Amino acid sequence: MSNRGQILVYGADWCGDCLRTKTQLTDLGIDFDYLDTSTDVGLREKAIEISGKPSIPVVVFPDETYFVEPTNAEVETKLRSLQLIN
């Protein structure tokens with residue numbers, strides 16, 4: 001993955017789960033790149049390529065693992081495992 005070391009969030013502003021995940025990461029002080037799949041077909045295709053399905057958000061972590069439509073608890077647990085939060 002070309003953006004190794006960054007958290008990438010593939011999503012769309014009409015998606016409640018995407019907005020929730022963006023808010024959570026922001027509130028936790030986590031830097032991430034938000035990639036709007038509603039305005040860029042290439043990003044939409046990339047999210048599908050990563051996850052194998054057309055669901056968002058797709059959250060890609062620095063260790064190259066990803067979650068599709070994660071809960072806040074799943075994101076927080078993952079961030080702790082990567083030692084990005086305490």
# chains A, B, ... in the order shown; residues from 1 in each chain; ligands from 1

$ select_by_dssp --residues "chain A" --states "strand (DSSP E or B)" --output "VMD selection string"
chain A and resid 8 to 11 33 to 36 58 to 60 66 to 68

$ residues_around --residues "stretch 19-30 of chain A" --least-positions-apart "4" --cutoff "12 Å" --atoms "only C-alpha atoms" --output "number ranges by chain"
A: 6-15, 34-36, 56-59, 61, 67-76, 78-80, 82-86

$ atom_distance --atom1 "atom CA of A:Ser81" --atom2 "atom CA of A:Arg44"
27.8 Å

$ select_by_dssp --residues "chain A" --states "helix (DSSP H, G or I)" --output "JSON, numbers by chain"
{"A": [16, 17, 18, 19, 20, 21, 22, 23, 24, 25, 26, 27, 41, 42, 43, 44, 45, 46, 47, 48, 49, 50, 51, 72, 73, 74, 75, 76, 77, 78, 79, 80, 81]}
